[in-house]
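**Q** mmCIF, N, CA and C atoms, file data17.cif:
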data_work
loop_
_atom_site.label_atom_id
_atom_site.label_comp_id
_atom_site.auth_asym_id
_atom_site.auth_seq_id
_atom_site.Cartn_x
_atom_site.Cartn_y
_atom_site.Cartn_z
N MET A 1 17.27 34.05 49.55
CA MET A 1 17.41 34.57 50.89
C MET A 1 18.90 34.86 51.10
N ASN A 2 19.19 35.95 51.83
CA ASN A 2 20.58 36.28 52.12
C ASN A 2 20.75 36.62 53.60
N PHE A 3 21.96 36.99 53.96
CA PHE A 3 22.29 37.22 55.37
C PHE A 3 21.40 38.29 56.00
N GLU A 4 21.18 39.38 55.29
CA GLU A 4 20.38 40.49 55.85
C GLU A 4 18.93 40.07 56.09
N ILE A 5 18.39 39.30 55.18
CA ILE A 5 17.01 38.83 55.35
C ILE A 5 16.92 37.88 56.54
N VAL A 6 17.89 36.99 56.67
CA VAL A 6 17.90 36.06 57.81
C VAL A 6 18.00 36.84 59.12
N MET A 7 18.82 37.89 59.15
CA MET A 7 18.94 38.68 60.38
C MET A 7 17.64 39.41 60.70
N ALA A 8 16.96 39.91 59.68
CA ALA A 8 15.66 40.56 59.90
C ALA A 8 14.64 39.54 60.42
N MET A 9 14.65 38.36 59.83
CA MET A 9 13.74 37.32 60.28
C MET A 9 14.07 36.87 61.71
N LEU A 10 15.36 36.83 62.02
CA LEU A 10 15.78 36.46 63.37
C LEU A 10 15.29 37.49 64.39
N ALA A 11 15.36 38.77 64.03
CA ALA A 11 14.86 39.82 64.92
C ALA A 11 13.35 39.66 65.14
N ILE A 12 12.62 39.38 64.08
CA ILE A 12 11.16 39.17 64.20
C ILE A 12 10.86 37.98 65.09
N VAL A 13 11.56 36.89 64.86
CA VAL A 13 11.34 35.68 65.66
C VAL A 13 11.71 35.91 67.12
N ALA A 14 12.78 36.64 67.37
CA ALA A 14 13.20 36.92 68.75
C ALA A 14 12.12 37.68 69.52
N VAL A 15 11.55 38.69 68.87
CA VAL A 15 10.49 39.47 69.52
C VAL A 15 9.26 38.60 69.74
N LEU A 16 8.86 37.88 68.71
CA LEU A 16 7.67 37.03 68.84
C LEU A 16 7.88 35.91 69.85
N THR A 17 9.09 35.38 69.93
CA THR A 17 9.38 34.31 70.90
C THR A 17 9.14 34.79 72.32
N GLY A 18 9.62 35.98 72.63
CA GLY A 18 9.39 36.52 73.97
C GLY A 18 7.92 36.70 74.29
N LEU A 19 7.19 37.24 73.33
CA LEU A 19 5.76 37.49 73.54
C LEU A 19 4.96 36.19 73.64
N VAL A 20 5.19 35.27 72.71
CA VAL A 20 4.44 34.01 72.71
C VAL A 20 4.80 33.17 73.93
N THR A 21 6.07 33.12 74.28
CA THR A 21 6.48 32.35 75.45
C THR A 21 5.80 32.87 76.70
N GLN A 22 5.76 34.19 76.86
CA GLN A 22 5.10 34.77 78.03
C GLN A 22 3.61 34.44 78.05
N ALA A 23 2.98 34.47 76.89
CA ALA A 23 1.56 34.14 76.80
C ALA A 23 1.31 32.67 77.16
N VAL A 24 2.16 31.78 76.67
CA VAL A 24 2.01 30.36 76.98
C VAL A 24 2.27 30.10 78.46
N LYS A 25 3.27 30.77 79.02
CA LYS A 25 3.54 30.62 80.47
C LYS A 25 2.33 31.05 81.29
N SER A 26 1.72 32.17 80.92
CA SER A 26 0.54 32.65 81.64
C SER A 26 -0.59 31.64 81.55
N LEU A 27 -0.78 31.07 80.39
CA LEU A 27 -1.82 30.07 80.20
C LEU A 27 -1.54 28.82 81.02
N LEU A 28 -0.30 28.35 81.01
CA LEU A 28 0.06 27.17 81.79
C LEU A 28 -0.06 27.43 83.28
N ASP A 29 0.32 28.63 83.73
CA ASP A 29 0.18 28.98 85.14
C ASP A 29 -1.29 29.00 85.56
N GLU A 30 -2.15 29.47 84.67
CA GLU A 30 -3.58 29.52 84.94
C GLU A 30 -4.15 28.14 85.20
N TYR A 31 -3.64 27.15 84.49
CA TYR A 31 -4.10 25.78 84.64
C TYR A 31 -3.23 24.96 85.58
N ASN A 32 -2.34 25.62 86.30
CA ASN A 32 -1.45 24.98 87.27
C ASN A 32 -0.65 23.83 86.65
N LYS A 33 -0.17 24.04 85.45
CA LYS A 33 0.66 23.05 84.77
C LYS A 33 2.12 23.42 84.96
N SER A 34 2.96 22.42 85.19
CA SER A 34 4.39 22.69 85.35
C SER A 34 5.06 22.69 83.98
N TYR A 35 6.14 23.42 83.87
CA TYR A 35 6.89 23.53 82.62
C TYR A 35 8.31 23.95 82.93
N HIS A 36 9.17 23.73 81.97
CA HIS A 36 10.56 24.16 82.07
C HIS A 36 10.70 25.39 81.17
N PRO A 37 10.95 26.57 81.75
CA PRO A 37 10.95 27.81 80.96
C PRO A 37 11.89 27.80 79.75
N ASN A 38 13.11 27.28 79.92
CA ASN A 38 14.05 27.26 78.79
C ASN A 38 13.59 26.34 77.68
N MET A 39 13.06 25.19 78.06
CA MET A 39 12.56 24.25 77.06
C MET A 39 11.37 24.85 76.31
N LEU A 40 10.51 25.52 77.04
CA LEU A 40 9.35 26.18 76.43
C LEU A 40 9.80 27.26 75.44
N ALA A 41 10.73 28.11 75.86
CA ALA A 41 11.22 29.18 74.98
C ALA A 41 11.91 28.60 73.74
N GLY A 42 12.68 27.55 73.92
CA GLY A 42 13.36 26.92 72.79
C GLY A 42 12.37 26.33 71.79
N CYS A 43 11.35 25.66 72.29
CA CYS A 43 10.34 25.07 71.41
C CYS A 43 9.54 26.14 70.67
N VAL A 44 9.19 27.20 71.38
CA VAL A 44 8.47 28.31 70.75
C VAL A 44 9.33 28.92 69.65
N ALA A 45 10.61 29.11 69.91
CA ALA A 45 11.52 29.69 68.91
C ALA A 45 11.62 28.80 67.67
N LEU A 46 11.69 27.48 67.88
CA LEU A 46 11.77 26.56 66.75
C LEU A 46 10.52 26.65 65.88
N VAL A 47 9.37 26.61 66.51
CA VAL A 47 8.11 26.65 65.75
C VAL A 47 7.96 27.98 65.02
N LEU A 48 8.24 29.08 65.72
CA LEU A 48 8.08 30.40 65.09
C LEU A 48 9.07 30.61 63.95
N SER A 49 10.31 30.15 64.11
CA SER A 49 11.29 30.35 63.03
C SER A 49 10.91 29.54 61.80
N LEU A 50 10.39 28.35 61.99
CA LEU A 50 9.91 27.57 60.84
C LEU A 50 8.73 28.27 60.18
N ALA A 51 7.81 28.77 60.99
CA ALA A 51 6.63 29.46 60.45
C ALA A 51 7.03 30.71 59.67
N VAL A 52 7.95 31.50 60.23
CA VAL A 52 8.39 32.73 59.57
C VAL A 52 9.15 32.40 58.28
N GLY A 53 10.03 31.41 58.33
CA GLY A 53 10.80 31.02 57.15
C GLY A 53 9.93 30.48 56.03
N ILE A 54 8.99 29.63 56.36
CA ILE A 54 8.09 29.07 55.36
C ILE A 54 7.12 30.15 54.86
N GLY A 55 6.63 30.98 55.78
CA GLY A 55 5.75 32.08 55.38
C GLY A 55 6.43 33.03 54.42
N TYR A 56 7.69 33.34 54.68
CA TYR A 56 8.46 34.21 53.78
C TYR A 56 8.56 33.58 52.39
N ALA A 57 8.87 32.30 52.35
CA ALA A 57 9.00 31.61 51.06
C ALA A 57 7.69 31.65 50.28
N ILE A 58 6.58 31.47 50.98
CA ILE A 58 5.27 31.51 50.32
C ILE A 58 4.97 32.91 49.81
N LEU A 59 5.23 33.93 50.64
CA LEU A 59 4.91 35.30 50.26
C LEU A 59 5.71 35.80 49.06
N ILE A 60 6.98 35.43 48.98
CA ILE A 60 7.79 35.91 47.85
C ILE A 60 7.81 34.92 46.69
N GLY A 61 7.21 33.76 46.89
CA GLY A 61 7.20 32.75 45.84
C GLY A 61 8.55 32.12 45.61
N ALA A 62 9.33 31.99 46.67
CA ALA A 62 10.68 31.43 46.55
C ALA A 62 10.62 29.92 46.32
N ALA A 63 11.55 29.45 45.53
CA ALA A 63 11.69 28.01 45.33
C ALA A 63 12.43 27.45 46.53
N ILE A 64 11.90 26.38 47.07
CA ILE A 64 12.58 25.74 48.20
C ILE A 64 13.66 24.83 47.60
N ASN A 65 14.88 25.32 47.64
CA ASN A 65 16.01 24.56 47.11
C ASN A 65 17.02 24.34 48.24
N ALA A 66 18.16 23.79 47.90
CA ALA A 66 19.17 23.48 48.91
C ALA A 66 19.66 24.74 49.62
N GLN A 67 19.86 25.82 48.87
CA GLN A 67 20.32 27.07 49.47
C GLN A 67 19.30 27.60 50.47
N TYR A 68 18.03 27.60 50.10
CA TYR A 68 16.98 28.09 51.00
C TYR A 68 16.91 27.20 52.24
N ALA A 69 17.06 25.90 52.05
CA ALA A 69 17.02 24.97 53.18
C ALA A 69 18.15 25.26 54.17
N VAL A 70 19.34 25.56 53.66
CA VAL A 70 20.47 25.88 54.54
C VAL A 70 20.19 27.15 55.32
N TRP A 71 19.67 28.19 54.64
CA TRP A 71 19.33 29.43 55.34
C TRP A 71 18.23 29.19 56.38
N LEU A 72 17.25 28.36 56.06
CA LEU A 72 16.18 28.07 57.00
C LEU A 72 16.70 27.31 58.22
N ILE A 73 17.59 26.36 58.00
CA ILE A 73 18.20 25.64 59.11
C ILE A 73 19.00 26.61 59.98
N ALA A 74 19.73 27.53 59.35
CA ALA A 74 20.48 28.53 60.11
C ALA A 74 19.54 29.40 60.93
N LEU A 75 18.41 29.81 60.34
CA LEU A 75 17.44 30.62 61.06
C LEU A 75 16.87 29.87 62.25
N VAL A 76 16.52 28.61 62.06
CA VAL A 76 15.98 27.80 63.15
C VAL A 76 17.00 27.67 64.27
N PHE A 77 18.25 27.36 63.92
CA PHE A 77 19.29 27.21 64.94
C PHE A 77 19.55 28.52 65.68
N LEU A 78 19.69 29.62 64.93
CA LEU A 78 19.96 30.91 65.56
C LEU A 78 18.79 31.38 66.42
N SER A 79 17.57 31.07 66.01
CA SER A 79 16.40 31.42 66.81
C SER A 79 16.40 30.64 68.12
N TRP A 80 16.70 29.36 68.03
CA TRP A 80 16.79 28.54 69.24
C TRP A 80 17.90 29.06 70.16
N LEU A 81 19.04 29.36 69.57
CA LEU A 81 20.17 29.88 70.34
C LEU A 81 19.82 31.21 71.00
N SER A 82 19.13 32.08 70.28
CA SER A 82 18.70 33.37 70.84
C SER A 82 17.76 33.17 72.03
N ALA A 83 16.88 32.20 71.92
CA ALA A 83 15.96 31.92 73.02
C ALA A 83 16.71 31.39 74.25
N MET A 84 17.80 30.68 74.01
CA MET A 84 18.55 30.09 75.12
C MET A 84 19.53 31.06 75.78
N VAL A 85 20.25 31.85 74.98
CA VAL A 85 21.31 32.71 75.54
C VAL A 85 21.05 34.20 75.39
N GLY A 86 20.10 34.57 74.56
CA GLY A 86 19.78 35.98 74.38
C GLY A 86 20.12 36.47 73.00
N TYR A 87 19.22 37.22 72.44
CA TYR A 87 19.33 37.75 71.08
C TYR A 87 20.57 38.64 70.92
N ASP A 88 20.82 39.51 71.91
CA ASP A 88 21.95 40.44 71.81
C ASP A 88 23.28 39.72 71.68
N LYS A 89 23.48 38.65 72.42
CA LYS A 89 24.73 37.89 72.36
C LYS A 89 24.91 37.24 70.99
N VAL A 90 23.83 36.71 70.44
CA VAL A 90 23.91 36.05 69.14
C VAL A 90 24.27 37.07 68.06
N ILE A 91 23.62 38.22 68.06
CA ILE A 91 23.88 39.26 67.06
C ILE A 91 25.31 39.79 67.19
N GLN A 92 25.77 39.99 68.42
CA GLN A 92 27.14 40.46 68.66
C GLN A 92 28.14 39.47 68.08
N THR A 93 27.94 38.19 68.31
CA THR A 93 28.85 37.17 67.80
C THR A 93 28.83 37.11 66.27
N LEU A 94 27.63 37.15 65.68
CA LEU A 94 27.53 37.12 64.22
C LEU A 94 28.19 38.33 63.58
N THR A 95 28.04 39.49 64.19
CA THR A 95 28.67 40.71 63.68
C THR A 95 30.18 40.59 63.73
N GLN A 96 30.70 40.05 64.82
CA GLN A 96 32.14 39.88 64.94
C GLN A 96 32.66 38.87 63.92
N ILE A 97 31.92 37.81 63.68
CA ILE A 97 32.34 36.80 62.71
C ILE A 97 32.33 37.39 61.30
N ARG A 98 31.29 38.16 61.01
CA ARG A 98 31.14 38.73 59.67
C ARG A 98 32.13 39.88 59.43
N GLY A 99 32.58 40.52 60.51
CA GLY A 99 33.57 41.59 60.38
C GLY A 99 33.00 42.96 60.17
N ASN A 100 31.74 43.19 60.49
CA ASN A 100 31.12 44.53 60.33
C ASN A 100 31.21 45.31 61.59
#
Show me, as structure tokens, the structure contained in the file I just sent.

**A**
Amino acid sequence: MNFEIVMAMLAIVAVLTGLVTQAVKSLLDEYNKSYHPNMLAGCVALVLSLAVGIGYAILIGAAINAQYAVWLIALVFLSWLSAMVGYDKVIQTLTQIRGN
């Protein structure tokens, strides 16, 4: 896994996080359950990023080694951060750090 793949996966997770979070909110509202929107979005992002990262490894037959684990941890963290502050801000910061 490399930087470009992680960014593509982050984009997928960001889109899915918004959709799944909205669906879960609608379901919780239907049952009159209280929730904290930011906590819900963060948890959804964590679960989806793990699912996408592990699914990718299974599909390409990647060996789960230390390097893959570091990239997966980065994906989980960045997905959570995107859910909390916004995908655009995270991408802007990463682009500035990388120098592109």

**Q** Would you work out the distance separating atom N of Ala74 of chain A from atom CA of Val6 of chain A, expressed in Å to one decimal?

**A**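 Spanning atom N of Ala74 of chain A to atom CA of Val6 of chain A is a straight-line distance of 8.9 Å.
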
**Q** Hey, which of A:Phe3, A:Trp71, A:Leu78, A:Ala45 ends up closest to Ala57 of chain A? Count only C-alpha atoms.

**A** A:Trp71

**Q** Which residues, written as a PyMOL selection string, have at least one atom at most 7 Å from Val76 of chain A, with all atoms listed in the file counted and residues fewer than 4 positions away on the same chain left out?

**A** chain A and resi 45-46+49-50+71-72+80-81

**Q** Could you please determine the separation between atom CA of Lys25 of chain A and atom CA of Ser82 of chain A in Å, to one decimal place?

**A**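 Distance between the two atoms: 18.2 Å.
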
**Q** Would you compute the distance between atom CA of Gln92 of chain A and atom CA of Leu19 of chain A? Give it in Å to one decimal.

**A** 22.1 Å

**Q** With only N, CA and C atoms counted, which protein, DNA or RNA residues have an atom no more than 7 Å from (13.8, 33.1, 78.7) in the file frame? Please answer as a PyMOL selection string.

**A** chain A and resi 37-38+41+83-84

**Q** Could you turn the residues from that selection into a file that holds N, CA and C atoms, as a PDB file, in the coordinates of the input?

**A**
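What landed in part.pdb:
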ATOM      1  N   PRO A  37      10.950  26.570  81.750  1.00  0.00           N
ATOM      2  CA  PRO A  37      10.950  27.810  80.960  1.00  0.00           C
ATOM      3  C   PRO A  37      11.890  27.800  79.750  1.00  0.00           C
ATOM      4  N   ASN A  38      13.110  27.280  79.920  1.00  0.00           N
ATOM      5  CA  ASN A  38      14.050  27.260  78.790  1.00  0.00           C
ATOM      6  C   ASN A  38      13.590  26.340  77.680  1.00  0.00           C
ATOM      7  N   ALA A  41      10.730  28.110  75.860  1.00  0.00           N
ATOM      8  CA  ALA A  41      11.220  29.180  74.980  1.00  0.00           C
ATOM      9  C   ALA A  41      11.910  28.600  73.740  1.00  0.00           C
ATOM     10  N   ALA A  83      16.880  32.200  71.920  1.00  0.00           N
ATOM     11  CA  ALA A  83      15.960  31.920  73.020  1.00  0.00           C
ATOM     12  C   ALA A  83      16.710  31.390  74.250  1.00  0.00           C
ATOM     13  N   MET A  84      17.800  30.680  74.010  1.00  0.00           N
ATOM     14  CA  MET A  84      18.550  30.090  75.120  1.00  0.00           C
ATOM     15  C   MET A  84      19.530  31.060  75.780  1.00  0.00           C
TER      16      MET A  84
END

**Q** Could you list the residues chosen by the PyMOL selection byres (((chain A and resi 10 and name CA) around 8) and name CA) in this structure as a ChimeraX atom specification?

**A** /A:6-9,11-14,49,75,78-79

**Q** Using DSSP on the backbone coordinates, identify the residues of chain A assigned to helix (DSSP H, G or I); present them as a ChimeraX atom specification.

**A** /A:3-30,37-60,66-85,87-98

**Q** Between A:Glu30, A:Ala51, A:Ala69, A:Arg98, which residue has the minimum interatomic distance to Thr17 of chain A, considering only C-alpha atoms?

**A** A:Ala51
